[in-house]
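Notes follow the structure.
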Amino acid sequence: GAQLKYEVAFSLWCLSFEEDAPDDFVRSHAVEALCGAVAAAPREKVVRVAVTALLNAARDDAAATRMVGAGLGTTLASMASRPFADDDVKAAVGELATRVKSVSKELSTLERYAAEVASGKLRWGPVHSEAFWVEHAKAAEKDDFALVRRLVEVLSEATGDVEALAVASYDLGEIAHRHAGAKSALVKLGAKDAALKLIDHEDEDVQRRALQCVSKILLRGGSSVVGGA
C-alpha cells in the first residue's frame with residue numbers, strides 16, 4: 001500500500017545523501033524503484049521523499065541517465081499541473097524535470113535506448129523499430145554484447161510487465177535479423193531459450209513476439225550490418 005511505498009522511499013531518501021548513493025542506486029536498481037513510486041502517483045508524502053531522493057541521486061550523470069531510460073521525464077511532465085499542498089514538492093518536481101530533460105537532450109538515440117534497456121522498463125517507441133535496428137544493429141556487440149545480456153535478463157526475469165517482455169523479444173529478434181553474425185552469441189547468451197519459455201505465455205502479444213524472436217534466431221542467413229555502433 002501507500003504506507004509501504006512511503007517507508008521504502010523514505011529509507012532511500014535517507015541513503016540518498018551519502019556520497020556513494022548515486023552509484024549504489026544505479027547498481028541496485030533503486031533508481032527504477034523510485035521512478036516507479038513517482039509514476040504510481042501516490043500520496044503527496046510519497047512523491048516528496050521519492051522525488052527528493054531522485055534529485056539527490058541526479059547529481060550523478062549515470063543515475064540521471066537511468067532516470068531518462070525509466071521514462072521519468074514523461075511522468076514528471078504529466079505531474080506539472082498536479083496541485084500540491086506543499087510548494088516545496090512542486091519546486092522539487094520542477095527541478096528534477098529540468099535536470100532529466102537536460103540530460104535527455106545530451107543523449108544520442110542509441111544512448112537513450114541503452115538507458116531504457118538498463119532500466120528494464122521497455123516501452124514501445126521509435127527506438128524499437130526496424131529503422132532503429134537497421135542503423136544500430138552492430139551496437140549489439142558493444143561491451144561484450146551488454147545490450148543483449150540485459151535484454152535476455154528482462155526475458156528471464158519474466159515479470160508481470162508484459163510490454164517489457166514483448167519489446168525485449170522484438171529487439172532480440174531484430175538483432176538476429178539485422179546482424180546475422182550475432183546469432184551465435186544470441187544463442188550462447190540464452191536469448192533463444194529465454195524466448196522459447198515465453199511462447200506459452202498468457203499474453204498473446206508476448207507469445208507472438210517470442211515466437212518471432214526464436215524464428216529469427218534459428219533462420220539461416222539474415223541481413224548484413226548496414227549501420228555502425
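Just remember, in the C-alpha cells the first chain shown is A, the second B, etc., residues are 1-based per chain, and ligands are 1-based in the order shown.
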At a cut-off of 10 Å, can you tabulate as a tab-separated table every residue of range 81-180 of chain A near range 16-32 of chain A together with its closest atom pair and the distance in Å to one decimal, using only C-alpha atoms and ordering rows by chain then number?
residue	atom	partner	partner_atom	distance
A:Ala118	CA	A:His29	CA	9.1
A:Ser119	CA	A:Glu32	CA	6.3
A:Gly120	CA	A:Glu32	CA	8.4
A:Lys121	CA	A:Glu32	CA	8.2
Requested write-out: C-alpha atoms of the selected residues, as a PDB file, in the first residue's frame:
ATOM      1  CA  ALA A 118      19.391  -0.842 -18.451  1.00  0.00           C
ATOM      2  CA  SER A 119      16.274   0.267 -16.597  1.00  0.00           C
ATOM      3  CA  GLY A 120      14.345  -2.803 -17.711  1.00  0.00           C
ATOM      4  CA  LYS A 121      11.272  -0.622 -18.293  1.00  0.00           C
TER       5      LYS A 121
END
Margin query: Which residues are close to Leu147 in chain A, i.e. within 10 Å by only C-alpha atoms, leaving aside same-chain residues fewer than 4 positions away? Reply as a list in words.
Written below: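 Skipping anything fewer than 4 positions along the chain leaves Tyr113, Ala114, Ala115, Val117, Ala118, Ala139, Ala140, Glu141, Lys142, Asp143, Leu151, Val152, Glu153, Asp171 and Leu172 of chain A.
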Next item on the list: Find the spatial neighbours of Val162 in chain A, counting only C-alpha atoms, within a cut-off of 9 Å - ignore same-chain residues fewer than 3 positions away - and output them as a PyMOL selection string.
Entry: chain A and resi 158-159+165-167+203+205-206
Restricted to C-alpha atoms, what would the selected residues look like written as a compact mmCIF listing (two decimals), in the first residue's frame?
# COMPACT_ATOMS: atom_id res chain seq x y z
CA ALA A 158 9.60 -12.93 -16.71
CA THR A 159 7.98 -10.25 -14.57
CA LEU A 165 8.68 -8.86 -22.35
CA ALA A 166 7.16 -8.19 -25.76
CA VAL A 167 9.56 -5.34 -26.55
CA ASP A 203 -0.35 -12.71 -23.04
CA ASP A 205 1.45 -10.37 -27.85
CA VAL A 206 4.26 -11.80 -25.73
Notebook entry, point to check: If we count only C-alpha atoms, what is near Leu4 in chain A at a cut-off of 12 Å, once residues fewer than 3 positions away on the same chain are taken out, given as a VMD selection string?
Noted result: chain A and resid 1 7 to 11 37 42 to 43 45 to 46
Notebook entry, point to check: Of the candidates A:Glu130, A:Glu174, A:Glu157, A:Glu135, which shows the shortest atom-to-atom distance to Leu110 in chain A, using only C-alpha atoms?
Noted result: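 With only C-alpha atoms as the atom set, the closest residue is A:Glu135.
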Next item on the list: List the neighbours of Pro126 in chain A out to 10 Å using only C-alpha atoms; skip same-chain residues closer than 5 positions along the sequence, and give me the result as a ChimeraX atom specification.
Entry: /A:109,113,131-132
Checklist line | Exercise: Ala137 in chain A partners within 6 Å, only C-alpha atoms, chain neighbours under 4 positions left out, as a ChimeraX atom specification | finding: /A:133,175,179
Output file for the residues above (N, CA and C atoms, as an mmCIF file, in the first residue's frame):
data_model
loop_
_atom_site.group_PDB
_atom_site.id
_atom_site.type_symbol
_atom_site.label_atom_id
_atom_site.label_comp_id
_atom_site.auth_asym_id
_atom_site.auth_seq_id
_atom_site.Cartn_x
_atom_site.Cartn_y
_atom_site.Cartn_z
ATOM 1 N N TRP A 133 16.986 -0.486 -35.800
ATOM 2 C CA TRP A 133 17.900 -1.626 -35.838
ATOM 3 C C TRP A 133 18.679 -1.725 -37.148
ATOM 4 N N ILE A 175 17.791 -7.920 -33.692
ATOM 5 C CA ILE A 175 19.249 -8.047 -33.684
ATOM 6 C C ILE A 175 19.658 -9.267 -34.505
ATOM 7 N N HIS A 179 21.594 -8.504 -37.935
ATOM 8 C CA HIS A 179 23.017 -8.763 -37.757
ATOM 9 C C HIS A 179 23.214 -10.274 -37.601
#
Next item on the list: Looking only at helix (DSSP H, G or I) from DSSP on the backbone, list the matching residues of range 75-164 of chain A as a ChimeraX atom specification.
Entry: /A:75-78,87-106,109-119,130-157,162-164
Checklist line | Distance query Arg209 in chain A at most 9 Å, only C-alpha atoms, self and fewer than 6 positions along chain excluded, as a PyMOL selection string | finding: chain A and resi 165-170+173+195+198-199
Check: What separation in Å, quoted to one decimal, exists between CA of Glu44 in chain A and CA of Ser81 in chain A?
Finding: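 According to the coordinates, CA of Glu44 in chain A and CA of Ser81 in chain A are separated by 13.8 Å.
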Note to self: Report, in Å with one decimal, the straight-line distance from CA of Gly94 in chain A to CA of Thr65 in chain A.
What the structure shows: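 For CA of Gly94 in chain A relative to CA of Thr65 in chain A, the distance reads 17.2 Å.
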Next item on the list: Kindly give the distance, in Å, that separates CA of Ala33 in chain A and CA of Arg82 in chain A, rounded to a single decimal.
Entry: 21.4 Å
